[in-house]
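*Asks:* Before we start, here is the structure in question, set down as C-alpha cells.
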Amino acid sequence: MLLLQLLVNGILLGGMYLLLAQGLNLVFGVMGVVNLAHGAIVTLAGLFTFWFATTLHENPLIVLPVVLVLVLIVGAFVQRLLLEPLAGAGRKAELLSLMVTFGLSYVLVEGALNLFGSQYVSLPDLQTTWRIGGLAVNEALVASGLLGAALSGALQLWLNRTASGKALLATSQNQIGALSCGIDVRRMRAVAFAIGAALAAAAGVLLILVIPLAAPTADTLTILAFVIVALGGLGDYQGAALAALLLGVVQSFVGYYLGGDAEYVVPYLLLIVFMILRPQGLGKSGRPVWSERR
Amino acid sequence: MPNRMSLIRPLYPIALILAASGLASAPASAAGPIVIGASVSETGPLAVDAGYHLRGLELGVAEANAHGGWLGRQLELKYYDDKSEPGTAVRLYTRLLTDDKVDLLIGPYSSGITQAVAPLANKYQRLMIDPGASLPDIFSEGNHWNIQGVATSTGYLEGMLPLAKEHGAHNVAILSLQSAYSLACGKARQAQADQLGMHVVYTTTYALPQPDFSAMALAVKNANPDVVIACSYYPDSVGLTQALQRIGFAPKFLSETIGPAEAQFTSALGPLSDRVISNTTWWSSLKTPGNAEFIAAYKAKYHEDPDYHSAATYSAIEALGAAVKATNSLDQAKLRDWLFKNTVPTVQGTFKAGAQRGRDGVQAIYVPDPGERP
Amino acid sequence: MSLEERRIETVFQPPLAADRSSAARKRRALTAGATAIVIAAAATVPLFSSAYLLQLATDIVASIALAYSWNLISGFTGYLSFGQVAFFGIGAYATAALVLRTPIPWYFAVIAAAVLSGAIALALGTVMLRLRGIMFALGMLGLARILGVVAQNLTFLGGAVGLTLPAELTPVPVYLAMIGAALFAFALNAFFAHSRWGLAAMGVRDDEGAAVALGVPTVRVKVASFALSALAPAVVGGLVAWNRSFLDPPSAFDPTLDLQVVVFTLFGGIGTLWGPGLGALVLMLVGEQLWAFLPELQLALYGILVIAVVLAFPGGCVGVLNRFGWLRRRPILAPAVLPRIDRPPSEAREGGAVLEVRDLTVRFGGVVALDRVSLKVERGETVSIIGANGAGKTTLFNAITGFVAPSEGSVLFEGMAVAPIPAFERARRGIGRTFQIPRLMESMTVWENVLLAASNGRRADRAVEQAAWALEMAGLAALWLETAEKLTPGRQRRLELARVLALDPKLVLLDEVMAGMTREEQDEIRAVLRRLKHFGVAAVAGVEHVISAIADLSDRMIVLDQGRKIAEGTPETVLRDPQVIQSYLGELQ
C-alpha cells in the first residue's frame, strides 16, 4: 500500500511536470531554440492569475482563455521582433537565440518582480483529497496532471492531424523542404513560438493552483522543464511524457526513503546520468545531445 | 581623427574625479546631526520584508527626534539600497564607514546579508546592532562588535516541545529548510528533544524551491510523531501543511516557523491554517513598554500594521538610544560595553546582550486562538 | 547576403584585411599605450581612494577577470557556458577550506584553489564538452546548481550555514591580487588571439566538424580552453571569500554573476581581445551611477542590453570600433609579405594501395546506406566515384575519414586499419577531404583557414611556409588576407583545396568539388587537381556528379547505387554500362 501510494504520488507529480514542460519541445523542434524564458512565462502567468483571483475575487480559471490569447499575440510579436532576425541555420544562430531568450527571461522576471513582488504566492483552491481504497489522491495534482496530459494530447492531435499542424511538423523536420512545399516558414516559426509561449502561460495559470510560485525562482522552472525535455529527447513529445513520469516517480520514492535534499537533487542527477548513458533521451525520435562530431 | 581617439582615452581622469569626490565628503561634524547608517534591501527579492525593517527604523528615528534627539542633537538616518545582494551591502557599509563616516550603524535585513557585513564591524571595530539576523553563528566566537537585535533562531519554537510534553507527546519529527537560520533552529530543537527525553522519529532537510511535499509527508506519517516541527520559511510551510492534510495525517501538534506569521498563510490555507502553531518574536498584544504607542504611531504614519521586522528595528533604535544617553558619548567601545552590561526595555521585550553576545529575546509561540502568553 | 545572415556572421569579427597603413600602426601604438596607462592607474588606485572606492575598484577588476575567462570558452571556442559561477564557487570554497584547516596563507590558498578548479574543469570538460552547444550551455547552468546543493549538504564546508573566515583587513593586497588575476585572464586572451592555439579554438567555434577534417584535435582544444577558463574565476572567488571573511552557498554560486559576465562580454564584444575588459569596465562604472536612478530595473536593463547587442550590434563595442579601424584583430601569424615557396615536385613513393575498403557496411537505424562496398585506390591513381543521389557516396567518405562509424567491414589506409584512429588523427596522417558545401571558417581570413590546416604537428615557421605554399598551389596567394566567406563560390572551393593541400595529404577525397562551378572555375580546379600528384599526393578519390569535368582526369571510375557498388572500370567502359545508365535514368524504354 505504501509503495502504491508512492507510485500514485509520483505519477501525479509527473503529470505536473508534463504540464510544466509543455511548449518547450515545440519551440525547440521548429526553431532549434531552447526558450530560456519559459519559466519566466510560466511564473508571470501564474502570478497574474493569483492577482486576478485574489484582487478581483473571481474564479482563476476564467483567466485561462484571456491569458492564452494575450500570450499568443505577444508571443508572435516577440518572435518576429527578437528571434526572426536570427533564424538562420546552424549553431551560431542557435546560440544567439539562446542568448536572446536568456535576456528576455530577465526582462520578464523583472516585470514580475515589479508587478507582483518577490514573495511566493499560491491559491488555496483545489485542496481536497480523495480517498480511493486506502490511497490518498490529491485533487490539485490530479487536475494539473490531467490538464497536462490533455494539453499534450491536444498538441499531438493538432500536429499530426491538421494541415496547419502538419505544416509545423514539416518545418521542424526540414525547413528547406517545407519551403519548397510552399509552406510559409516564417509564419510557422512565429506560430510555433507563440503556441509554445501560450502553452507555458497555460501551465502557469494551472500550476498556481498546485504549487507556490515566485518571481525569483522562475529560472528553476526553466531548468526543470528543460531537464524533462532533454531526458525525453529534444523534440520528442512521447519521450517528454515518459521523462516527466520517470522524474515524478523517482522523486517520490527518493523523497520518501532519502529525504528532502535527495529529492531536490534528482532532476539534475538524472540529467547527468542520461547525458552520459543515453544522450538521445528516452524517446525514439529525439535528437541526441552529443555534438555531431567526436 | 581626434574624436576617434577620445573613444579610448584612458578613464584615469574619471577615476580621479570619483576619488576626489570620495575624499571630499565631509565627516559628520560634532555639532551636526548624529548619523545612523544602514543598508536596506529596497529592491530585490527581500524588498517586501525589508520594507517593514526600514519603516521601523524610520519610525524609531522620527520618534527619537520628536523627543529631542540624543545628546542634544537630532538623528539622521542615512541608508542605501543593497538590492538584496550581500556584495552590494558590503560595499555600502564600507562606504558608510569610510566615506560617509556615520556615527552609528544598524545592520541590514536578513541573516544572509548580515553575515556578509558582520565582519566589517569587527574589522573596523564599530558597534553594530543587527535587527535583521536571527542566525546565531554571526554572533559567536571571534565576534566582538555585532549584537543581535532580534531573537535568535535557535530559540524558535523553543516553547513547543515542553508544552507538547506536558500534554503527553513523546515522538517528534523535525524538518528543516536548507538555510542557515532554519538549520540552526532544527539542530537546537533536536538537542532540546534529546534533553527532554523525547524521541526524534524522523528528521529531514530540504531546499527551496520544492514543488511537492508528498513524499516527505508520507514519511512523516509513517513515523507517526506526536509533534511535528518544521523550521521553515513561507512557501514550504504552506506546502507541508497541505501535504500533511492530503495524506490524511494530523499530528497532535503541528508547528512551523516564519511562514504562519505571514498574512498570506491564512488566505492560502483557509481553515487549515488554524491547526498550525508558530513562533514570533513580537506581536501586537504583547504588553511591553511602549508597544501600544509604537503600533499607533506606525499605523498613523504608514497606514498599515507593523510586523515583527519593524518591531525589531524600532527596538534596536531604542536600545542604541539608551546606550548613547547612558554613556553620554558616541564612542563605539563604550557603547558596546554598556550594552553588554545593561538591559533596555523595548517594544520587543527586554533587550539584553547575553553571555554569547547574542540577545536573549522573547521567544514565544502562538496558537491561532491565543490567550495571553508571556 | 540577406540581412539575417550578415547579422549572424558579424558576431565573431573576421579580421579586416590587414591594415598596414601608418594610421593603423599609430592606432595600435595608441591602444597599447592607453592600456599601459589604464593598468598603471589601476595599480595606483589604493594610494588615493577611500576604502569604499577601493572596494568598488576591486569589484570592477573582478568582473573584468571573470569576463575575460568566460570569453575563453564562450567567445574564442564558441561553447556558450551559463555556469561560469561554478568555478567561482569552487575557488571560493577551496580557498576557505584551505585557509581554515591548513596553515597556508590566503594568497597561496587562492592559487591552490585555482589549480583545483582547473583540474575539476579538465575532468568535467571531457564529459560536458561532448554535448551540443545549447546542451552544454544548459548543462553548465545545471552544474552550478548542483554544486550549490552539494555545498549546502557538506557540513565540513559549512553546509547552508556557511564558513566564517578570519576577519583580517587586507583590502589593498586583495585588490592587487585581483589585478593580477585580471591580467592573467587578459594574457590568456591575448595568447588565444595571437597564437595557433587560439586559431584552433576559433576553428572549433566556427565549424567543429570541418576543424576535425583539418586535423585539429578538437576535443583537446575544447577541454583545455575550458580548463583555462576555470582558473581566474577560482582566484576571483577565493579573493572575494577572503575579502568578505564569509562564504555560503548562495553567495558562492550566485547566478547574477553569470548574467553579469554574459552581459559585460557581449556588450564589449564577445570573442575579441578587448571586448570583455571594455564591457566590464564601462558597464560597472555606468551601472554604479545609473542604479541610483533606476533601481527597480537592473535585471530588465541587463536583459534588454543582451537582446539589443545580439540583434543590433552583435560584435559589441569592439565591433563598432572596428568599423573605424580601432582594435581590429590581426590575422594570426600572418607574415608581412607572403613568402613564395618553391618546392620541387616530388612524386609519391612506390608502394601498395593507398586506400582499401573491405565489405564496408553502414547502417543508420533501419536504413542501409552502404552495403558491403569494397574498393581499392592504388598509388598514383585518380578515382572517380559516381552514382545517383542517395547512392551513399558521401557516407563512404564519412566512413573513410572517421565521421561515421561503419557497422561492418574495414577501411585500410596505406595498409593500416583506421578503425582505432580518431577522425582528426586520420586527417593528420594524410587523409584530406573537402565537403559538398564548402565549410570554411567564416570568422577567419583565407590565410588563417589554410594556416589552421598547415599547423598540425608543425613548428610555427614550417606551418607558415606550408600555408604559403598551399595558397600558391591553389592560386589564392593574392587573396590571402581576404575574409573567407566573402569569396566567390569558385574561390571558396579552391580555398578548400588549399586547406587540404596544407595538410600534406597522401590521399585526397573530394566531395563534389565541381558542383555549382562555372566552366572557368571548373578549369581552374582541374588545374589544381592535375598538380596534386606532383606534390606527394598519392591518390585522389572524387565523388562527382559533373562527370564531364572529371572523366578525363580519372584513371578509374566506380559506380555506387543504393549503397552497393555496381560497376568499376575505366571511364569509357563504365559510362556505357547499361546498369549504370539505368541507375541514373531509370528504366530504359
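Ligands are numbered from 1 in the order shown, residues from 1 within each chain, and chains are lettered A, B, ... in the order they appear in the C-alpha cells.
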At a cut-off of 8 Å, which residues of chain C touch chain B? Count only C-alpha atoms and give the answer as a short mmCIF file (atom, residue, chain, number, x, y, z; two decimals) with C-alpha atoms, in the first residue's frame.
*Replies:*
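Printed below is part29.cif as written:
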```cif
data_model
loop_
_atom_site.label_atom_id
_atom_site.label_comp_id
_atom_site.auth_asym_id
_atom_site.auth_seq_id
_atom_site.Cartn_x
_atom_site.Cartn_y
_atom_site.Cartn_z
CA THR C 31 45.90 51.25 -27.91
CA ALA C 34 46.36 53.50 -23.35
CA THR C 35 46.24 50.01 -21.93
CA ILE C 37 48.25 53.76 -18.63
CA VAL C 38 44.99 52.19 -17.52
CA ALA C 41 46.38 53.87 -13.00
CA PHE C 48 44.35 57.98 -3.25
CA SER C 49 40.99 56.40 -2.76
CA SER C 50 38.78 55.65 0.18
CA ALA C 51 38.00 52.13 1.28
CA TYR C 52 34.69 52.30 -0.50
CA LEU C 53 36.26 53.25 -3.80
CA GLN C 55 36.08 48.06 -2.78
CA LEU C 56 34.35 49.27 -5.91
CA GLN C 152 24.73 23.04 1.14
CA ALA C 160 23.92 26.01 4.43
CA VAL C 161 25.30 27.97 7.35
CA GLY C 162 28.47 28.84 5.55
CA ALA C 167 38.50 38.85 9.80
CA GLU C 168 41.65 40.47 8.53
CA LEU C 169 41.55 43.84 6.93
CA ARG C 244 34.32 39.27 2.88
CA SER C 245 35.51 36.87 5.53
CA PHE C 246 32.40 34.89 4.90
CA LEU C 247 31.08 32.35 2.44
CA SER C 251 26.87 33.87 -2.25
CA PRO C 295 16.99 50.75 -9.05
CA GLU C 296 13.88 48.84 -9.96
CA PHE C 324 36.50 52.97 -37.51
#
```
*Asks:* Distance cut-off 6 Å, counting only C-alpha atoms - which residues of chain A neighbour chain B? Return them as a short mmCIF file (atom, residue, chain, number, x, y, z; two decimals) with N, CA and C atoms, in the first residue's frame.
*Replies:*
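So the final result, stored in selection-v5.cif, reads:
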```
data_model
loop_
_atom_site.label_atom_id
_atom_site.label_comp_id
_atom_site.auth_asym_id
_atom_site.auth_seq_id
_atom_site.Cartn_x
_atom_site.Cartn_y
_atom_site.Cartn_z
N SER A 118 8.16 39.86 -4.78
CA SER A 118 9.10 38.76 -4.85
C SER A 118 8.68 37.57 -4.01
N LEU A 123 -2.62 29.71 -4.57
CA LEU A 123 -4.07 29.81 -4.42
C LEU A 123 -4.59 28.63 -3.63
N PRO A 124 -5.53 28.87 -2.73
CA PRO A 124 -5.97 27.79 -1.85
C PRO A 124 -7.01 26.86 -2.44
N THR A 129 -8.78 16.11 -0.84
CA THR A 129 -8.11 14.85 -1.11
C THR A 129 -9.16 13.78 -1.24
N ALA A 136 -4.55 8.02 -0.84
CA ALA A 136 -4.91 9.43 -0.81
C ALA A 136 -4.51 10.04 -2.14
N ILE A 211 1.11 24.58 -6.80
CA ILE A 211 2.34 24.87 -6.05
C ILE A 211 2.51 26.38 -5.93
N SER A 252 9.45 10.81 -6.03
CA SER A 252 8.57 10.38 -4.97
C SER A 252 9.25 9.34 -4.09
N GLY A 255 12.35 10.85 -2.29
CA GLY A 255 11.96 11.75 -1.22
C GLY A 255 11.51 11.00 0.02
N TYR A 256 10.85 9.87 -0.19
CA TYR A 256 10.39 9.12 0.96
C TYR A 256 11.55 8.46 1.67
N GLY A 259 14.82 11.46 1.93
CA GLY A 259 14.65 12.80 2.47
C GLY A 259 14.60 13.90 1.41
N GLY A 260 14.33 15.10 1.91
CA GLY A 260 14.06 16.23 1.03
C GLY A 260 15.23 16.65 0.16
N ASP A 261 16.43 16.64 0.72
CA ASP A 261 17.58 17.09 -0.07
C ASP A 261 17.82 16.20 -1.26
#
```
*Asks:* List every residue of region 405-569 of chain C that DSSP, applied to the backbone of this structure, places in strand (DSSP E or B), and write the result as a ChimeraX atom specification.
*Replies:* /C:408-413,416-417,431-433,445,483,507-511,535,539-543,556-561,564-569
*Asks:* So that I can check the surroundings of Leu2 (chain A), please list as an MDAnalysis selection string every protein, DNA and RNA residue that reaches within 9 Å of it, counting only C-alpha atoms and ignoring chain neighbours fewer than 4 positions away.
*Replies:* (chainID A and resid 6:7 135) or (chainID B and resid 218)
*Asks:* Return the single residue from A:Pro267, A:Gly239, A:Gly29, A:Pro60 that is closest to chain C, with distances computed using only C-alpha atoms.
*Replies:* A:Pro267
